[in-house]
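Novice: Below is model.cif; it holds mmCIF, C-alpha atoms.
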```cif
data_protein
#
loop_
_atom_site.label_atom_id
_atom_site.label_comp_id
_atom_site.auth_asym_id
_atom_site.auth_seq_id
_atom_site.Cartn_x
_atom_site.Cartn_y
_atom_site.Cartn_z
CA MET I 169 -157.29 35.32 -43.73
CA ASN I 170 -159.12 33.41 -41.01
CA SER I 171 -160.53 29.92 -41.56
CA ASP I 172 -164.01 31.19 -42.45
CA GLN I 173 -162.60 33.53 -45.09
CA VAL I 174 -160.48 30.72 -46.55
CA ALA I 175 -163.55 28.47 -46.68
CA GLU I 176 -165.50 31.22 -48.46
CA ALA I 177 -162.75 31.81 -51.02
CA VAL I 178 -162.02 28.11 -51.65
CA PRO I 179 -164.92 25.81 -50.64
CA VAL I 180 -163.18 22.48 -50.04
CA ASP I 181 -166.03 20.22 -51.15
CA ALA I 182 -166.52 22.01 -54.47
CA LEU I 183 -162.79 22.14 -55.15
CA SER I 184 -162.31 18.48 -54.18
CA ALA I 185 -164.97 17.35 -56.63
CA TRP I 186 -163.46 19.41 -59.44
CA VAL I 187 -159.90 18.22 -58.72
CA ALA I 188 -161.00 14.58 -58.65
CA ALA I 189 -162.67 14.99 -62.05
CA ASN I 190 -160.01 17.11 -63.76
CA VAL I 191 -156.59 16.35 -62.26
CA PRO I 192 -155.57 12.72 -62.93
CA GLU I 193 -152.71 12.70 -60.44
CA SER I 194 -154.91 13.77 -57.48
CA GLN I 195 -154.82 11.45 -54.48
CA GLY I 196 -157.00 11.59 -51.39
CA PRO I 197 -158.64 14.47 -49.52
CA ILE I 198 -157.32 17.99 -49.99
CA LYS I 199 -156.24 20.58 -47.45
CA VAL I 200 -156.41 24.34 -48.15
CA SER I 201 -154.31 27.12 -46.56
CA HIS I 202 -153.95 30.78 -47.46
CA LEU I 203 -150.57 31.95 -48.76
CA SER I 204 -150.96 35.56 -49.90
CA GLY I 205 -153.10 38.17 -51.59
CA GLY I 206 -155.90 40.52 -50.63
CA SER I 207 -157.16 43.22 -52.97
CA SER I 208 -155.11 41.59 -55.73
CA ASN I 209 -155.33 37.96 -56.78
CA LEU I 210 -155.43 35.41 -53.96
CA THR I 211 -152.99 32.53 -53.56
CA PHE I 212 -153.70 29.31 -51.63
CA ARG I 213 -151.71 26.15 -50.98
CA ILE I 214 -153.60 22.98 -51.91
CA GLN I 215 -152.27 19.64 -50.65
CA ASP I 216 -153.45 16.06 -50.94
CA ASP I 217 -151.73 12.79 -50.08
CA ASP I 218 -149.24 13.02 -52.96
CA ASN I 219 -149.40 16.55 -54.37
CA ASP I 220 -148.52 20.07 -53.37
CA TRP I 221 -150.11 22.77 -55.49
CA VAL I 222 -150.90 26.48 -55.49
CA LEU I 223 -154.36 27.78 -56.42
CA ARG I 224 -154.73 31.30 -57.83
CA ARG I 225 -158.09 33.06 -57.97
CA PRO I 226 -159.39 36.66 -58.07
CA PRO I 227 -160.16 38.48 -54.82
CA VAL I 228 -163.46 37.82 -53.08
CA GLY I 229 -166.11 40.30 -54.20
CA ALA I 230 -166.12 42.54 -57.25
CA PHE I 231 -163.15 42.28 -59.59
CA LEU I 232 -162.12 43.38 -63.07
CA ALA I 233 -161.87 40.57 -65.59
CA THR I 234 -158.95 42.30 -67.30
CA ALA I 235 -157.02 42.82 -64.06
CA ASN I 236 -157.79 39.40 -62.59
CA ASP I 237 -157.53 37.25 -65.70
CA MET I 238 -156.79 33.72 -64.55
CA GLY I 239 -156.76 32.39 -68.09
CA ARG I 240 -154.05 34.87 -69.04
CA GLU I 241 -151.83 33.91 -66.10
CA TYR I 242 -152.31 30.22 -66.81
CA ARG I 243 -151.62 30.48 -70.54
CA VAL I 244 -148.50 32.61 -70.07
CA GLN I 245 -146.97 30.23 -67.54
CA THR I 246 -147.94 27.23 -69.66
CA GLY I 247 -146.31 28.82 -72.69
CA LEU I 248 -143.10 29.46 -70.76
CA GLN I 249 -142.84 25.89 -69.36
CA ASN I 250 -140.10 24.74 -71.72
CA THR I 251 -138.15 28.00 -71.94
CA ASP I 252 -135.26 29.17 -69.76
CA VAL I 253 -137.59 31.47 -67.81
CA PRO I 254 -138.31 29.75 -64.46
CA VAL I 255 -142.05 29.36 -63.83
CA PRO I 256 -144.09 26.86 -61.80
CA ARG I 257 -145.54 23.93 -63.76
CA THR I 258 -149.20 24.58 -64.53
CA VAL I 259 -151.63 21.79 -63.63
CA ALA I 260 -155.18 22.76 -64.64
CA LEU I 261 -157.37 25.78 -65.41
CA CYS I 262 -161.04 26.08 -64.40
CA GLU I 263 -163.12 28.74 -66.15
CA ASP I 264 -166.41 27.22 -64.94
CA GLU I 265 -167.57 29.75 -62.35
CA SER I 266 -170.02 27.27 -60.81
CA VAL I 267 -167.11 25.64 -58.93
CA LEU I 268 -165.68 28.52 -56.85
CA GLY I 269 -167.74 31.40 -58.24
CA VAL I 270 -164.74 32.67 -60.22
CA PRO I 271 -162.15 31.24 -62.63
CA PHE I 272 -159.04 29.75 -61.01
CA TYR I 273 -156.06 27.59 -61.81
CA LEU I 274 -153.65 25.18 -60.16
CA MET I 275 -149.88 25.12 -60.50
CA ASP I 276 -147.12 23.29 -58.66
CA PHE I 277 -146.01 24.67 -55.31
CA VAL I 278 -142.42 25.97 -55.53
CA ASP I 279 -140.47 26.17 -52.31
CA GLY I 280 -138.30 29.26 -52.05
CA ILE I 281 -137.92 32.79 -50.68
CA VAL I 282 -139.47 35.96 -52.06
CA TYR I 283 -136.96 38.79 -51.63
CA SER I 284 -139.65 41.21 -50.51
CA ASP I 285 -137.62 43.36 -48.10
CA THR I 286 -134.26 43.65 -46.35
CA ASP I 287 -135.14 40.94 -43.81
CA GLN I 288 -135.56 38.39 -46.61
CA VAL I 289 -132.05 39.07 -47.98
CA ALA I 290 -130.26 39.31 -44.63
CA HIS I 291 -128.59 35.95 -45.32
CA LEU I 292 -126.91 37.17 -48.53
CA ASP I 293 -123.26 38.22 -48.42
CA GLN I 294 -122.11 41.00 -50.75
CA ALA I 295 -121.09 38.65 -53.57
CA GLN I 296 -124.44 36.86 -53.41
CA ALA I 297 -126.30 40.16 -53.42
CA LEU I 298 -124.55 41.24 -56.62
CA ALA I 299 -125.14 37.83 -58.20
CA ALA I 300 -128.86 37.95 -57.28
CA ALA I 301 -129.24 41.40 -58.84
CA ASP I 302 -127.55 40.17 -62.01
CA GLU I 303 -129.79 37.10 -62.06
CA LEU I 304 -132.86 39.33 -61.68
CA ILE I 305 -131.84 41.21 -64.82
CA ASP I 306 -130.61 38.18 -66.76
CA VAL I 307 -133.94 36.37 -66.28
CA LEU I 308 -135.75 39.50 -67.47
CA ALA I 309 -133.57 39.54 -70.58
CA ARG I 310 -134.33 35.85 -71.17
CA LEU I 311 -138.05 36.52 -70.86
CA HIS I 312 -137.80 39.29 -73.43
CA ALA I 313 -135.92 36.97 -75.78
CA VAL I 314 -138.65 34.30 -75.84
CA ASP I 315 -140.21 33.81 -79.27
CA PHE I 316 -143.78 34.42 -78.16
CA GLY I 317 -145.27 33.05 -81.37
CA ALA I 318 -143.33 29.81 -81.08
CA VAL I 319 -144.59 29.18 -77.52
CA GLY I 320 -148.23 29.82 -78.42
CA LEU I 321 -148.51 33.33 -77.00
CA GLY I 322 -148.86 35.31 -80.20
CA GLN I 323 -152.38 36.40 -79.22
CA LEU I 324 -151.40 37.64 -75.75
CA GLY I 325 -151.44 41.30 -76.81
CA LYS I 326 -150.94 43.81 -79.60
CA PRO I 327 -147.31 44.96 -79.53
CA ALA I 328 -147.64 47.44 -82.40
CA GLY I 329 -148.13 50.92 -80.94
CA PHE I 330 -147.85 49.58 -77.39
CA LEU I 331 -145.79 52.44 -75.94
CA GLU I 332 -147.99 55.14 -77.43
CA ARG I 333 -151.07 53.41 -76.03
CA GLN I 334 -149.40 53.20 -72.62
CA VAL I 335 -148.70 56.92 -72.54
CA ASN I 336 -152.23 57.77 -73.70
CA ARG I 337 -153.76 55.31 -71.27
CA TRP I 338 -152.04 56.80 -68.26
CA CYS I 339 -152.80 60.35 -69.38
CA SER I 340 -156.46 59.36 -69.62
CA GLN I 341 -156.28 57.64 -66.23
CA TRP I 342 -154.92 60.83 -64.70
CA GLU I 343 -157.88 62.83 -66.04
CA LYS I 344 -160.30 60.29 -64.54
CA SER I 345 -158.59 60.05 -61.15
CA LYS I 346 -157.08 63.45 -60.36
CA GLN I 347 -158.20 65.15 -57.18
CA ARG I 348 -156.48 68.46 -57.91
CA GLU I 349 -154.26 70.03 -60.53
CA LEU I 350 -150.58 69.03 -60.60
CA PRO I 351 -148.75 71.00 -63.31
CA ALA I 352 -145.77 68.62 -63.16
CA ILE I 353 -147.97 65.72 -64.29
CA ASP I 354 -149.38 67.72 -67.19
CA GLU I 355 -145.92 68.81 -68.30
CA VAL I 356 -144.50 65.29 -68.14
CA ALA I 357 -147.50 63.99 -70.07
CA GLU I 358 -146.88 66.39 -72.93
CA ARG I 359 -143.17 65.60 -73.04
CA LEU I 360 -143.79 61.84 -73.04
CA LYS I 361 -146.19 62.17 -75.96
CA ARG I 362 -143.44 63.93 -77.95
CA SER I 363 -140.74 61.42 -76.93
CA ILE I 364 -142.09 58.03 -78.04
CA PRO I 365 -139.30 56.33 -80.03
CA SER I 366 -140.06 55.79 -83.71
CA ALA I 367 -139.11 52.11 -83.51
CA THR I 368 -139.59 49.79 -80.54
CA ASP I 369 -139.13 46.07 -79.91
CA ALA I 370 -141.85 43.54 -79.10
CA SER I 371 -141.70 40.82 -76.46
CA ILE I 372 -143.58 39.21 -73.63
CA VAL I 373 -143.81 41.89 -70.93
CA HIS I 374 -144.32 40.85 -67.31
CA GLY I 375 -145.80 44.19 -66.29
CA ASP I 376 -144.70 44.24 -62.63
CA TYR I 377 -141.27 42.66 -62.58
CA SER I 378 -139.23 43.09 -59.40
CA PHE I 379 -137.72 41.13 -56.52
CA ASN I 380 -141.22 41.11 -54.97
CA ASN I 381 -142.59 38.97 -57.80
CA THR I 382 -139.78 36.43 -58.00
CA MET I 383 -138.82 33.43 -55.85
CA TRP I 384 -135.29 32.38 -54.95
CA SER I 385 -133.58 29.15 -53.98
CA ARG I 386 -133.08 28.45 -50.28
CA ASN I 387 -129.80 26.67 -51.01
CA ASP I 388 -128.39 28.94 -53.72
CA PRO I 389 -129.37 32.54 -52.86
CA ALA I 390 -128.40 33.86 -56.30
CA LYS I 391 -130.57 31.38 -58.22
CA MET I 392 -134.11 32.39 -59.15
CA VAL I 393 -136.53 29.45 -59.08
CA ALA I 394 -139.73 31.15 -60.27
CA VAL I 395 -141.17 34.33 -61.73
CA LEU I 396 -144.59 34.91 -60.18
CA ASP I 397 -147.72 37.06 -60.59
CA TRP I 398 -148.31 37.21 -64.35
CA GLU I 399 -151.65 39.05 -64.07
CA MET I 400 -150.35 42.13 -65.93
CA SER I 401 -148.43 40.27 -68.63
CA THR I 402 -148.93 41.13 -72.30
CA LEU I 403 -147.05 41.61 -75.54
CA GLY I 404 -145.41 44.99 -75.71
CA ASP I 405 -142.23 46.99 -75.42
CA PRO I 406 -139.70 45.13 -73.23
CA LEU I 407 -138.07 48.33 -72.02
CA THR I 408 -141.20 49.16 -70.02
CA ASP I 409 -140.25 46.29 -67.67
CA LEU I 410 -136.68 47.53 -67.40
CA GLY I 411 -137.77 51.12 -66.80
CA MET I 412 -139.94 50.09 -63.88
CA VAL I 413 -137.27 47.86 -62.31
CA SER I 414 -134.72 50.64 -62.50
CA VAL I 415 -136.92 53.35 -60.94
CA TYR I 416 -137.95 51.05 -58.10
CA TRP I 417 -134.20 50.76 -57.46
CA GLY I 418 -133.81 54.52 -57.01
CA GLU I 419 -135.57 57.54 -55.53
CA ALA I 420 -139.04 56.51 -56.74
CA GLY I 421 -138.70 53.25 -54.84
CA GLU I 422 -137.65 55.11 -51.71
CA ILE I 423 -140.72 57.35 -51.97
CA MET I 424 -143.07 54.41 -52.54
CA TRP I 425 -141.58 52.22 -49.79
CA ARG I 426 -140.93 54.72 -47.01
CA SER I 427 -143.88 53.52 -44.92
CA ARG I 428 -142.95 49.85 -45.43
CA SER I 429 -139.98 47.65 -44.65
CA PRO I 430 -137.02 48.77 -46.77
CA GLN I 431 -136.63 47.26 -50.23
CA PRO I 432 -134.26 44.28 -50.38
CA HIS I 433 -131.44 46.17 -52.09
CA ARG I 434 -131.37 49.13 -49.69
CA LEU I 435 -129.00 48.02 -46.90
CA ASN I 436 -126.64 45.36 -48.29
CA PRO I 437 -123.76 47.20 -50.03
CA GLY I 438 -123.34 44.22 -52.36
CA PHE I 439 -126.44 45.21 -54.30
CA PRO I 440 -125.34 47.36 -57.25
CA SER I 441 -126.58 50.70 -58.50
CA GLY I 442 -129.47 51.23 -60.87
CA ASP I 443 -126.97 52.11 -63.59
CA HIS I 444 -125.41 48.66 -63.15
CA LEU I 445 -128.81 47.06 -63.76
CA LEU I 446 -129.25 49.00 -66.98
CA ALA I 447 -125.78 48.09 -68.22
CA ARG I 448 -126.32 44.45 -67.27
CA TYR I 449 -129.56 44.32 -69.23
CA GLU I 450 -127.99 45.91 -72.29
CA ALA I 451 -125.14 43.38 -72.20
CA SER I 452 -127.36 40.39 -71.42
CA SER I 453 -130.12 41.18 -73.92
CA GLY I 454 -128.03 42.71 -76.70
CA ARG I 455 -130.75 45.35 -76.96
CA SER I 456 -130.04 49.09 -77.20
CA ILE I 457 -131.34 51.12 -74.27
CA GLN I 458 -130.45 54.54 -75.65
CA ASP I 459 -134.01 55.80 -75.04
CA ILE I 460 -134.33 54.30 -71.55
CA ASP I 461 -135.01 57.73 -70.04
CA VAL I 462 -138.42 57.71 -71.75
CA TYR I 463 -139.31 54.43 -70.05
CA ARG I 464 -137.97 55.52 -66.68
CA VAL I 465 -139.93 58.78 -66.74
CA LEU I 466 -143.03 56.88 -67.86
CA ALA I 467 -142.60 54.46 -64.95
CA VAL I 468 -142.52 57.24 -62.34
CA PHE I 469 -145.40 59.04 -64.10
CA LYS I 470 -147.37 55.78 -63.91
CA LEU I 471 -146.60 55.30 -60.19
CA ALA I 472 -147.87 58.81 -59.46
CA ILE I 473 -151.11 58.15 -61.31
CA ILE I 474 -151.65 54.74 -59.71
CA THR I 475 -151.25 56.39 -56.32
CA GLU I 476 -153.66 59.15 -57.35
CA GLY I 477 -156.19 56.44 -58.18
CA ALA I 478 -155.75 55.03 -54.68
CA LEU I 479 -156.26 58.54 -53.28
CA ALA I 480 -159.47 58.94 -55.28
CA ARG I 481 -160.81 55.67 -53.86
CA ILE I 482 -159.98 56.73 -50.30
CA LYS I 483 -161.75 60.06 -50.75
CA ALA I 484 -164.79 58.34 -52.23
CA THR I 485 -165.10 55.62 -49.58
CA ARG I 486 -163.53 57.17 -46.47
CA PRO I 487 -164.04 60.94 -46.89
CA GLY I 488 -162.95 61.83 -43.35
CA GLU I 489 -159.54 60.14 -43.59
CA ASP I 490 -156.36 62.25 -43.50
CA THR I 491 -154.75 61.78 -46.92
CA THR I 492 -151.90 64.27 -46.52
CA ASN I 493 -149.15 61.65 -46.75
CA THR I 494 -150.64 60.11 -49.89
CA GLU I 495 -151.04 63.53 -51.52
CA ASN I 496 -147.43 64.38 -50.68
CA THR I 497 -146.25 61.08 -52.16
CA ILE I 498 -148.04 61.80 -55.44
CA ALA I 499 -146.60 65.31 -55.63
CA GLU I 500 -143.09 64.00 -54.94
CA LEU I 501 -143.42 61.37 -57.66
CA ALA I 502 -144.73 63.95 -60.13
CA ASN I 503 -141.86 66.29 -59.36
CA LEU I 504 -139.36 63.45 -59.60
CA ALA I 505 -140.69 62.49 -63.04
CA LEU I 506 -140.26 66.09 -64.18
CA GLU I 507 -136.75 66.30 -62.71
CA MET I 508 -135.79 63.10 -64.51
CA ALA I 509 -137.19 64.48 -67.74
CA ASN I 510 -135.28 67.75 -67.30
CA SER I 511 -131.99 65.92 -66.85
CA SER I 512 -132.55 63.43 -69.69
CA SER I 513 -130.32 63.00 -72.70
CA VAL I 514 -133.49 62.83 -74.84
CA PRO I 515 -134.09 66.42 -76.06
CA SER I 516 -137.89 66.14 -76.29
CA LEU I 517 -138.04 64.92 -72.68
CA ARG I 518 -136.16 68.02 -71.63
CA GLY I 519 -138.79 70.12 -73.36
CA ALA I 520 -136.40 71.14 -76.11
#
```
Could you write out this file's structure as structure tokens?
Specialist:
Amino acid sequence: MNSDQVAEAVPVDALSAWVAANVPESQGPIKVSHLSGGSSNLTFRIQDDDNDWVLRRPPVGAFLATANDMGREYRVQTGLQNTDVPVPRTVALCEDESVLGVPFYLMDFVDGIVYSDTDQVAHLDQAQALAAADELIDVLARLHAVDFGAVGLGQLGKPAGFLERQVNRWCSQWEKSKQRELPAIDEVAERLKRSIPSATDASIVHGDYSFNNTMWSRNDPAKMVAVLDWEMSTLGDPLTDLGMVSVYWGEAGEIMWRSRSPQPHRLNPGFPSGDHLLARYEASSGRSIQDIDVYRVLAVFKLAIITEGALARIKATRPGEDTTNTENTIAELANLALEMANSSSVPSLRGA
């Protein structure tokens, strides 16, 4: 973002007046700098004479209230403040759109490293890489163990029937987005509908948990200092988080990341296998993962449909663009989901 875009997203005068009126510890004039975000929620660093904060707001322009819910992010992180899930301290929420034009919130700035690709983990030796992977899973297990009612998050979502709604939602999304027929998607959809476990657990679900959405200590590379980006959080089936983490770790992640810098776990041999992550979660959480194949297949199915949605937007807004690579990615993900279903230990996933 250039300076004009930053000024448009966070007008300093309007923000300064609001901070002075609503944040007792504020001291002196504020300075604004862009940290991250584009089509998703935007993140800015806000500094005054004594304080160092982060401001989160929706993207500039049209946005979906459900996908860019600042109140949700703020309430989840506030609820988790006194748990053993590391989150930044929340400072203040503004739902008055007359200030910046959109809702936003402030939280403390946390200094650390996001393990977004192999460059960001180049300083880890093999023992540290294994310890970081274990920490990633252990923190996820701790999140799923939080008593959401006791921390004031009982209204965050409707956990009953969550997995069935997820399957139906993504099937419906496919019908709305698809640009051509893909028999593998249709077959996986039918098998997932028949494979929903009869009993599932309920917990806070992050919704997009991975190395990319966590921050790590600069001094202790295996210590996580914050879980970030709570925009997709809800109450639901905890194994949906685990399923997504584990497929990112394998072939689906390779397909999704092949045009980007390699994922952090790809080159350091200290990072363990996806099976290790699953076993670590089962041991750390005490939760059975006997039906994990359902969640893993659903995760790849979901990635294919999300990418199909992106393809639909490209075709609608840039009709002359070559979309061959994107179409191939979707087909590969669909075929991978079907292959995973065919090799599953869950009979209904195999089509039996």
Novice: Counting all atoms listed in the file, which residue out of I:Leu210, I:Leu506, I:Ala299, I:Ala367 sits closest to Asp461 of chain I?
Specialist: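 Of I:Leu210, I:Leu506, I:Ala299, I:Ala367, the one nearest Asp461 of chain I, counting all atoms listed in the file, is I:Leu506.
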Novice: Between atom CA of Asn219 of chain I and atom CA of Gly196 of chain I, what is the distance in Å, rounded to a tenth?
Specialist: 9.6 Å
Novice: Just so the selection is clear, what residues does the PyMOL selection byres ((chain I and resi 182) around 12) cover here, as a VMD selection string?
Specialist: chain I and resid 175 to 181 183 to 189 197 to 198 264 to 269
Novice: By how many Å are atom CA of Pro226 of chain I and atom CA of Lys326 of chain I apart?
Specialist: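 Calculated distance between atom CA of Pro226 of chain I and atom CA of Lys326 of chain I is 24.2 Å.
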Novice: For Val278 of chain I, which residue out of I:Leu298, I:Leu311, I:Met383, I:Val259 is the nearest one, using all atoms listed in the file?
Specialist: I:Met383
Novice: Work out how far atom CA of Ile214 of chain I is from atom CA of Pro192 of chain I, in Å to one decimal.
Specialist: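 It comes out at 15.2 Å.
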Novice: Out of I:Met169, I:Ala301, I:Val395, I:Val270, which residue has the shortest atom-to-atom distance to Val244 of chain I when counting all atoms listed in the file?
Specialist: I:Val395
Novice: Would you mind telling me which residue in I:Ala420, I:Leu360, I:Leu435, I:Leu223 lies nearest to Thr497 of chain I when using all atoms listed in the file?
Specialist: I:Ala420
Novice: Could you name the residues that touch Ala502 of chain I at 7 Å or less, counting all atoms listed in the file, but leaving out those on the same chain fewer than 3 positions away, as number ranges by chain?
Specialist: I: 352-353, 469, 472, 498-499, 505-506
Novice: Considering all atoms listed in the file, state which residue in the set I:Val393, I:Ile423, I:Asn209, I:Asp216 is at the smallest distance from Glu193 of chain I.
Specialist: I:Asp216
Novice: So, counting all atoms listed in the file, which residue among I:Arg213, I:Lys361, I:Lys483, I:Arg240 is closest to Gln334 of chain I?
Specialist: I:Lys361
Novice: Excluding same-chain residues fewer than 6 positions from Ile482 of chain I, what lies within 12 Å of it counting all atoms listed in the file, as a list in words?
Specialist: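 In the requested format, the answer is Ser345, Gln347, Thr475, Glu476, Gly488, Glu489, Asp490, Thr491, Thr492, Thr494 and Glu495 of chain I.
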Novice: Those same residues, written as an mmCIF file, keeping the file's coordinate frame with C-alpha atoms?
Specialist:
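As written to disk, again_13.cif reads:
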```cif
data_model
loop_
_atom_site.group_PDB
_atom_site.id
_atom_site.type_symbol
_atom_site.label_atom_id
_atom_site.label_comp_id
_atom_site.auth_asym_id
_atom_site.auth_seq_id
_atom_site.Cartn_x
_atom_site.Cartn_y
_atom_site.Cartn_z
ATOM 1 C CA SER I 345 -158.590 60.050 -61.150
ATOM 2 C CA GLN I 347 -158.200 65.150 -57.180
ATOM 3 C CA THR I 475 -151.250 56.390 -56.320
ATOM 4 C CA GLU I 476 -153.660 59.150 -57.350
ATOM 5 C CA GLY I 488 -162.950 61.830 -43.350
ATOM 6 C CA GLU I 489 -159.540 60.140 -43.590
ATOM 7 C CA ASP I 490 -156.360 62.250 -43.500
ATOM 8 C CA THR I 491 -154.750 61.780 -46.920
ATOM 9 C CA THR I 492 -151.900 64.270 -46.520
ATOM 10 C CA THR I 494 -150.640 60.110 -49.890
ATOM 11 C CA GLU I 495 -151.040 63.530 -51.520
#
```
Novice: Which residues, protein or nucleic acid, reach to within 10 Å of (-145.7, 31.2, -70.7) in the file's coordinates when using all atoms listed in the file, and can you give that as JSON, numbers by chain?
Specialist: {"I": [240, 241, 242, 243, 244, 245, 246, 247, 248, 249, 250, 251, 253, 254, 255, 258, 311, 314, 316, 319, 320, 321, 324, 372, 398, 401]}
Novice: Which residues match the PyMOL selection byres ((chain I and resi 211) around 12) in the file above, as a PDB file with C-alpha atoms, in the coordinates of the input?
Specialist:
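Final file, selection_37.pdb:
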```pdb
ATOM      1  CA  MET I 169    -157.290  35.320 -43.730  1.00  0.00           C
ATOM      2  CA  VAL I 174    -160.480  30.720 -46.550  1.00  0.00           C
ATOM      3  CA  ALA I 177    -162.750  31.810 -51.020  1.00  0.00           C
ATOM      4  CA  VAL I 178    -162.020  28.110 -51.650  1.00  0.00           C
ATOM      5  CA  VAL I 200    -156.410  24.340 -48.150  1.00  0.00           C
ATOM      6  CA  SER I 201    -154.310  27.120 -46.560  1.00  0.00           C
ATOM      7  CA  HIS I 202    -153.950  30.780 -47.460  1.00  0.00           C
ATOM      8  CA  LEU I 203    -150.570  31.950 -48.760  1.00  0.00           C
ATOM      9  CA  SER I 204    -150.960  35.560 -49.900  1.00  0.00           C
ATOM     10  CA  GLY I 205    -153.100  38.170 -51.590  1.00  0.00           C
ATOM     11  CA  GLY I 206    -155.900  40.520 -50.630  1.00  0.00           C
ATOM     12  CA  SER I 207    -157.160  43.220 -52.970  1.00  0.00           C
ATOM     13  CA  SER I 208    -155.110  41.590 -55.730  1.00  0.00           C
ATOM     14  CA  ASN I 209    -155.330  37.960 -56.780  1.00  0.00           C
ATOM     15  CA  LEU I 210    -155.430  35.410 -53.960  1.00  0.00           C
ATOM     16  CA  PHE I 212    -153.700  29.310 -51.630  1.00  0.00           C
ATOM     17  CA  ARG I 213    -151.710  26.150 -50.980  1.00  0.00           C
ATOM     18  CA  ILE I 214    -153.600  22.980 -51.910  1.00  0.00           C
ATOM     19  CA  TRP I 221    -150.110  22.770 -55.490  1.00  0.00           C
ATOM     20  CA  VAL I 222    -150.900  26.480 -55.490  1.00  0.00           C
ATOM     21  CA  LEU I 223    -154.360  27.780 -56.420  1.00  0.00           C
ATOM     22  CA  ARG I 224    -154.730  31.300 -57.830  1.00  0.00           C
ATOM     23  CA  ARG I 225    -158.090  33.060 -57.970  1.00  0.00           C
ATOM     24  CA  PRO I 226    -159.390  36.660 -58.070  1.00  0.00           C
ATOM     25  CA  PRO I 227    -160.160  38.480 -54.820  1.00  0.00           C
ATOM     26  CA  VAL I 228    -163.460  37.820 -53.080  1.00  0.00           C
ATOM     27  CA  MET I 238    -156.790  33.720 -64.550  1.00  0.00           C
ATOM     28  CA  PHE I 272    -159.040  29.750 -61.010  1.00  0.00           C
ATOM     29  CA  TYR I 273    -156.060  27.590 -61.810  1.00  0.00           C
ATOM     30  CA  LEU I 274    -153.650  25.180 -60.160  1.00  0.00           C
ATOM     31  CA  MET I 275    -149.880  25.120 -60.500  1.00  0.00           C
ATOM     32  CA  PHE I 277    -146.010  24.670 -55.310  1.00  0.00           C
ATOM     33  CA  LEU I 396    -144.590  34.910 -60.180  1.00  0.00           C
ATOM     34  CA  ASP I 397    -147.720  37.060 -60.590  1.00  0.00           C
TER      35      ASP I 397
END
```
Novice: What would segment 275-288 of chain I look like with N, CA and C atoms restored, written as a PDB file, in the coordinates of the input?
Specialist:
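Saved result, part.pdb, follows:
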```pdb
ATOM      1  N   MET I 275    -151.247  25.312 -60.035  1.00  0.00           N
ATOM      2  CA  MET I 275    -149.880  25.120 -60.500  1.00  0.00           C
ATOM      3  C   MET I 275    -149.106  24.452 -59.374  1.00  0.00           C
ATOM      4  N   ASP I 276    -147.938  23.932 -59.691  1.00  0.00           N
ATOM      5  CA  ASP I 276    -147.120  23.290 -58.660  1.00  0.00           C
ATOM      6  C   ASP I 276    -146.668  24.301 -57.618  1.00  0.00           C
ATOM      7  N   PHE I 277    -146.615  23.871 -56.373  1.00  0.00           N
ATOM      8  CA  PHE I 277    -146.010  24.670 -55.310  1.00  0.00           C
ATOM      9  C   PHE I 277    -144.493  24.667 -55.495  1.00  0.00           C
ATOM     10  N   VAL I 278    -143.875  25.831 -55.434  1.00  0.00           N
ATOM     11  CA  VAL I 278    -142.420  25.970 -55.530  1.00  0.00           C
ATOM     12  C   VAL I 278    -141.913  26.486 -54.192  1.00  0.00           C
ATOM     13  N   ASP I 279    -141.020  25.749 -53.589  1.00  0.00           N
ATOM     14  CA  ASP I 279    -140.470  26.170 -52.310  1.00  0.00           C
ATOM     15  C   ASP I 279    -139.323  27.146 -52.552  1.00  0.00           C
ATOM     16  N   GLY I 280    -139.350  28.279 -51.890  1.00  0.00           N
ATOM     17  CA  GLY I 280    -138.300  29.260 -52.050  1.00  0.00           C
ATOM     18  C   GLY I 280    -138.583  30.485 -51.215  1.00  0.00           C
ATOM     19  N   ILE I 281    -137.809  31.543 -51.443  1.00  0.00           N
ATOM     20  CA  ILE I 281    -137.920  32.790 -50.680  1.00  0.00           C
ATOM     21  C   ILE I 281    -138.225  33.921 -51.646  1.00  0.00           C
ATOM     22  N   VAL I 282    -139.216  34.736 -51.312  1.00  0.00           N
ATOM     23  CA  VAL I 282    -139.470  35.960 -52.060  1.00  0.00           C
ATOM     24  C   VAL I 282    -138.656  37.075 -51.397  1.00  0.00           C
ATOM     25  N   TYR I 283    -137.805  37.716 -52.165  1.00  0.00           N
ATOM     26  CA  TYR I 283    -136.960  38.790 -51.630  1.00  0.00           C
ATOM     27  C   TYR I 283    -137.766  40.086 -51.543  1.00  0.00           C
ATOM     28  N   SER I 284    -138.694  40.119 -50.602  1.00  0.00           N
ATOM     29  CA  SER I 284    -139.650  41.210 -50.510  1.00  0.00           C
ATOM     30  C   SER I 284    -139.130  42.426 -49.740  1.00  0.00           C
ATOM     31  N   ASP I 285    -138.168  42.231 -48.851  1.00  0.00           N
ATOM     32  CA  ASP I 285    -137.620  43.360 -48.100  1.00  0.00           C
ATOM     33  C   ASP I 285    -136.233  42.974 -47.567  1.00  0.00           C
ATOM     34  N   THR I 286    -135.630  43.878 -46.811  1.00  0.00           N
ATOM     35  CA  THR I 286    -134.260  43.650 -46.350  1.00  0.00           C
ATOM     36  C   THR I 286    -134.143  42.424 -45.444  1.00  0.00           C
ATOM     37  N   ASP I 287    -135.200  42.118 -44.681  1.00  0.00           N
ATOM     38  CA  ASP I 287    -135.140  40.940 -43.810  1.00  0.00           C
ATOM     39  C   ASP I 287    -134.975  39.660 -44.622  1.00  0.00           C
ATOM     40  N   GLN I 288    -135.593  39.611 -45.803  1.00  0.00           N
ATOM     41  CA  GLN I 288    -135.560  38.390 -46.610  1.00  0.00           C
ATOM     42  C   GLN I 288    -134.245  38.196 -47.358  1.00  0.00           C
TER      43      GLN I 288
END
```
